[in-house]
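Everything below concerns the one structure shown next.
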Amino acid sequence: MGFFVEAEITSQPECWRRAAALARELAPSLQRRGERIAFVGCGTSWFMAQVLASWRESAGYGESDAFAASEMPDRRYDRVIALTRSGTTTEVVDLLRSLRGRTPTAVVLGDLDTPVAEVADEVVDLSFADERSVVQTRFATSTLALFRGAYGADVAALADAGEQAVVEPLAAGLAEAEQVSFLGRGWTIGLAHEAALKFRETSSSWAESYPAMDYRHGPLAIAGPGRLVWMFGEPPSGLVDEVRATGATFVSSDQDPLVHLVVAQRVAVARAIALGVDPDAPRHLTRSVVLAGSA
């Protein structure tokens, strides 16, 4: 493995096991039934926030929303939970600072020696899943494993499935596709957005993402030969045939959608390598967005 991101993708199942152990320790804090919660983040962390909000509300723990940190509305919440690998992202730091003394906050964090750790009321240490690549993979999925464990899922079984997903041969033609549309339903919509981001980041490839039921309302027009439509979870009735009629390849799996995301990560990296692009250092991107003049 010549790139950090390849090793970090491969390490995900073990990180999930560690996250599950942490979930057992922190379950009362992570669950907090009846609270109205906002999950916030930027980029990948925003998409993970969407997944967590869907999980939490569906599991009956309470009303849950997700926002990009820069777009958090002036609305009452019992608690705000931020997700950030770097701990330095300007929008997250500014938001948590603005909430001090008004709304309880917590942060799931990849680097404890950062400004976010100083402004959040609670810190969940996920530094074991921190990464050297600019492209985020294992921190994001370990955050999901943490909450999924707290909400009662069998993370050990997910990790076992993940062990296979990181080594199984990739299907022919996936990395060669010129365009990919990722689709999801419910909580997997966040996974679709994240998978598309991985393709754009790693190789500057054309990738989009939509709720699966909305895909027919326009985006289907770009489907065609040499392109993929990639579904996380069960596809809506009739969609597979409609996509195949365009000449595009429909990709789906019986794997848990979180495990299927690992496959998408691997395909994104494989495409970058095939194009001669460094997947650890995406064009124009850095590990964290720190804006000039931020306090």
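The chains in the structure tokens are called A, B, ... from first to last as shown; in each chain the residues are counted from 1, and the ligands are counted from 1 in the order shown.
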
What lies within 7 Å of Ser86 in chain A using only C-alpha atoms, ignoring chain neighbours under 3 positions off, as a list in words?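 Neighbouring residues, sequence-local ones excluded: Thr89, Gly110, Asp111 and Ser288 of chain A.
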
Shell around range 128-138 of chain A at 6 Å using only C-alpha atoms, local window under 6 positions removed, as a ChimeraX atom specification: /A:4-5,12,110,280-281,287

Writer output for current selection, N, CA and C atoms, as a short mmCIF file (atom, residue, chain, number, x, y, z; two decimals), in the first residue's frame:
```cif
data_model
loop_
_atom_site.label_atom_id
_atom_site.label_comp_id
_atom_site.auth_asym_id
_atom_site.auth_seq_id
_atom_site.Cartn_x
_atom_site.Cartn_y
_atom_site.Cartn_z
N PHE A 4 -1.37 6.66 2.30
CA PHE A 4 -1.93 6.60 3.65
C PHE A 4 -3.39 6.18 3.63
N VAL A 5 -4.15 6.72 2.67
CA VAL A 5 -5.58 6.45 2.64
C VAL A 5 -5.86 4.97 2.43
N GLN A 12 -10.18 0.17 9.00
CA GLN A 12 -11.49 0.54 9.52
C GLN A 12 -12.16 -0.51 10.40
N GLY A 110 -10.99 14.02 16.60
CA GLY A 110 -9.86 13.20 16.21
C GLY A 110 -8.53 13.66 16.74
N ASP A 280 -4.03 10.96 -1.48
CA ASP A 280 -3.78 11.52 -0.15
C ASP A 280 -3.80 13.05 -0.14
N ALA A 281 -3.61 13.65 -1.29
CA ALA A 281 -3.47 15.11 -1.37
C ALA A 281 -4.35 15.65 -2.50
N ARG A 287 -6.15 19.52 5.08
CA ARG A 287 -6.76 18.68 6.11
C ARG A 287 -7.93 19.39 6.81
#
```

Select, from A:Val180, A:Ala21, A:Val263, A:Val229, the residue with the minimum atom-to-atom distance to Glu208 in chain A, counting only C-alpha atoms.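 Of all the options, A:Val180 lies closest to Glu208 in chain A.
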
Within 12 Å of Glu35 in chain A, counting only C-alpha atoms, which residues show up once you throw out same-chain ones fewer than 2 positions away? Write them as a count of residues only, please. 22

Exercise: Thr141 in chain A partners within 10 Å, only C-alpha atoms, chain neighbours under 4 positions left out, as number ranges by chain: A: 9, 12-13, 15-16, 19, 45, 48, 129, 136-137, 145-146, 191, 258-259, 261-262

List every residue of range 100-176 of chain A that DSSP, applied to the backbone of this structure, assigns to alpha helix (DSSP H), and report them as a PyMOL selection string. chain A and resi 115-119+138-150+155-165

If DSSP is run on the backbone, what residues of range 90-153 of chain A are strand (DSSP E)? A reply as number ranges by chain would be ideal. A: 105-109, 122-125

Please produce, as a Markdown table, a per-residue contact table for range 79-191 of chain A versus range 215-225 of chain A (criterion: any atom at most 12 Å away, only C-alpha atoms considered), showing the nearest atom pair and its distance in Å to one decimal, sorted by chain then residue number.
```
| residue | atom | partner | partner_atom | distance |
| --- | --- | --- | --- | --- |
| A:Gly173 | CA | A:Pro225 | CA | 11.6 |
| A:Glu176 | CA | A:Pro225 | CA | 11.7 |
| A:Ala177 | CA | A:Pro225 | CA | 8.9 |
| A:Glu178 | CA | A:Pro225 | CA | 9.4 |
| A:Gln179 | CA | A:Ala223 | CA | 8.5 |
| A:Val180 | CA | A:Ala223 | CA | 8.7 |
| A:Ser181 | CA | A:Ala223 | CA | 8.2 |
| A:Phe182 | CA | A:Tyr215 | CA | 9.5 |
| A:Leu183 | CA | A:Tyr215 | CA | 7.6 |
| A:Gly184 | CA | A:Tyr215 | CA | 9.8 |
| A:Arg185 | CA | A:Tyr215 | CA | 10.9 |
| A:Ile189 | CA | A:Tyr215 | CA | 11.7 |
```

Output N, CA, C and O atoms for every residue in the selection just made, as a short mmCIF file (atom, residue, chain, number, x, y, z; two decimals), in the first residue's frame.
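After the write, again.cif holds the following:
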```cif
data_model
loop_
_atom_site.label_atom_id
_atom_site.label_comp_id
_atom_site.auth_asym_id
_atom_site.auth_seq_id
_atom_site.Cartn_x
_atom_site.Cartn_y
_atom_site.Cartn_z
N GLY A 173 -14.50 -2.69 -13.94
CA GLY A 173 -15.13 -1.55 -14.57
C GLY A 173 -15.55 -0.43 -13.64
O GLY A 173 -15.87 0.67 -14.12
N GLU A 176 -13.21 2.57 -13.67
CA GLU A 176 -13.06 3.16 -14.99
C GLU A 176 -14.26 4.02 -15.38
O GLU A 176 -14.22 4.73 -16.40
N ALA A 177 -15.32 3.98 -14.61
CA ALA A 177 -16.53 4.73 -14.96
C ALA A 177 -16.23 6.23 -14.97
O ALA A 177 -15.58 6.76 -14.08
N GLU A 178 -16.73 6.92 -15.99
CA GLU A 178 -16.44 8.36 -16.11
C GLU A 178 -17.30 9.21 -15.19
O GLU A 178 -16.97 10.37 -14.91
N GLN A 179 -18.42 8.66 -14.72
CA GLN A 179 -19.32 9.42 -13.85
C GLN A 179 -20.09 8.45 -12.97
O GLN A 179 -20.42 7.34 -13.38
N VAL A 180 -20.34 8.88 -11.71
CA VAL A 180 -21.09 8.04 -10.77
C VAL A 180 -22.15 8.89 -10.09
O VAL A 180 -21.88 10.01 -9.64
N SER A 181 -23.36 8.36 -10.02
CA SER A 181 -24.43 8.96 -9.22
C SER A 181 -24.72 8.02 -8.05
O SER A 181 -25.11 6.88 -8.26
N PHE A 182 -24.51 8.52 -6.83
CA PHE A 182 -24.75 7.72 -5.63
C PHE A 182 -26.13 8.05 -5.08
O PHE A 182 -26.51 9.23 -4.98
N LEU A 183 -26.86 7.01 -4.70
CA LEU A 183 -28.23 7.17 -4.22
C LEU A 183 -28.40 6.53 -2.85
O LEU A 183 -27.74 5.54 -2.52
N GLY A 184 -29.30 7.09 -2.06
CA GLY A 184 -29.62 6.51 -0.76
C GLY A 184 -31.07 6.77 -0.40
O GLY A 184 -31.76 7.56 -1.06
N ARG A 185 -31.50 6.11 0.65
CA ARG A 185 -32.85 6.32 1.19
C ARG A 185 -32.73 6.39 2.71
O ARG A 185 -31.99 5.62 3.32
N ILE A 189 -28.85 8.26 2.69
CA ILE A 189 -28.64 9.44 1.86
C ILE A 189 -27.33 10.12 2.25
O ILE A 189 -26.56 10.58 1.39
#
```

Counting only C-alpha atoms, which of A:Ala59, A:Ala196, A:Ala49, A:Leu109 gets nearest to Ala153 in chain A? A:Ala59

List the spatial neighbours of range 269-272 of chain A as a list in words - criterion: any atom at most 8 Å away, only C-alpha atoms, same-chain residues fewer than 5 positions off excluded.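 Within the cut-off, the hits are Val5, Glu6, Ala175, Glu176, Phe199, Thr202, Ser203, Val277, Asp278 and Pro279 of chain A.
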
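Excluding Glu91 in chain A itself and any same-chain residue fewer than 6 positions from it, the protein and nucleic acid residues within 10 Å of it, counting only C-alpha atoms, are A:Val40, A:Gly41, A:Cys42, A:Ala68, A:Ala69, A:Ser70, A:Glu71, A:Met72, A:Arg97, A:Val289, A:Val290, A:Leu291, A:Ser294.
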
Those residues with N, CA, C and O atoms, as a short mmCIF file (atom, residue, chain, number, x, y, z; two decimals), in the first residue's frame please?
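Result went into selection_4.cif, see below:
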```
data_model
loop_
_atom_site.label_atom_id
_atom_site.label_comp_id
_atom_site.auth_asym_id
_atom_site.auth_seq_id
_atom_site.Cartn_x
_atom_site.Cartn_y
_atom_site.Cartn_z
N VAL A 40 -23.77 18.64 14.02
CA VAL A 40 -23.19 19.59 13.07
C VAL A 40 -21.80 19.14 12.65
O VAL A 40 -21.10 18.42 13.38
N GLY A 41 -21.39 19.57 11.47
CA GLY A 41 -20.05 19.29 10.97
C GLY A 41 -19.85 20.00 9.65
O GLY A 41 -20.73 20.72 9.17
N CYS A 42 -18.69 19.78 9.06
CA CYS A 42 -18.36 20.36 7.76
C CYS A 42 -17.89 19.24 6.84
O CYS A 42 -17.17 18.34 7.28
N ALA A 68 -24.83 21.78 8.34
CA ALA A 68 -23.47 22.26 8.16
C ALA A 68 -23.22 23.28 9.26
O ALA A 68 -24.10 24.09 9.58
N ALA A 69 -22.03 23.26 9.84
CA ALA A 69 -21.76 24.12 11.00
C ALA A 69 -22.00 25.59 10.68
O ALA A 69 -22.43 26.36 11.55
N SER A 70 -21.76 25.99 9.46
CA SER A 70 -21.95 27.39 9.07
C SER A 70 -23.42 27.76 8.93
O SER A 70 -23.75 28.95 8.85
N GLU A 71 -24.30 26.76 8.89
CA GLU A 71 -25.71 27.01 8.61
C GLU A 71 -26.61 26.66 9.79
O GLU A 71 -27.83 26.54 9.64
N MET A 72 -26.04 26.52 10.96
CA MET A 72 -26.82 26.21 12.16
C MET A 72 -27.82 27.33 12.43
O MET A 72 -27.44 28.50 12.59
N ARG A 97 -18.05 28.08 20.14
CA ARG A 97 -17.75 29.23 20.99
C ARG A 97 -19.01 30.09 21.20
O ARG A 97 -19.26 30.58 22.31
N VAL A 289 -10.16 23.37 7.08
CA VAL A 289 -10.38 24.72 6.57
C VAL A 289 -10.30 25.70 7.75
O VAL A 289 -11.19 25.73 8.60
N VAL A 290 -9.21 26.44 7.79
CA VAL A 290 -9.02 27.45 8.82
C VAL A 290 -8.97 28.80 8.12
O VAL A 290 -8.04 29.08 7.36
N LEU A 291 -9.98 29.61 8.35
CA LEU A 291 -10.12 30.87 7.62
C LEU A 291 -9.24 31.96 8.22
O LEU A 291 -9.09 32.06 9.44
N SER A 294 -9.66 34.25 11.65
CA SER A 294 -10.49 33.60 12.65
C SER A 294 -9.82 33.68 14.00
O SER A 294 -8.63 33.49 14.14
#
```

Counting only C-alpha atoms, the residue of A:Val123, A:Ala20, A:Asp74, A:Phe67 that sits nearest Arg102 in chain A: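 Ranked by minimum distance to Arg102 in chain A, first place goes to A:Asp74.
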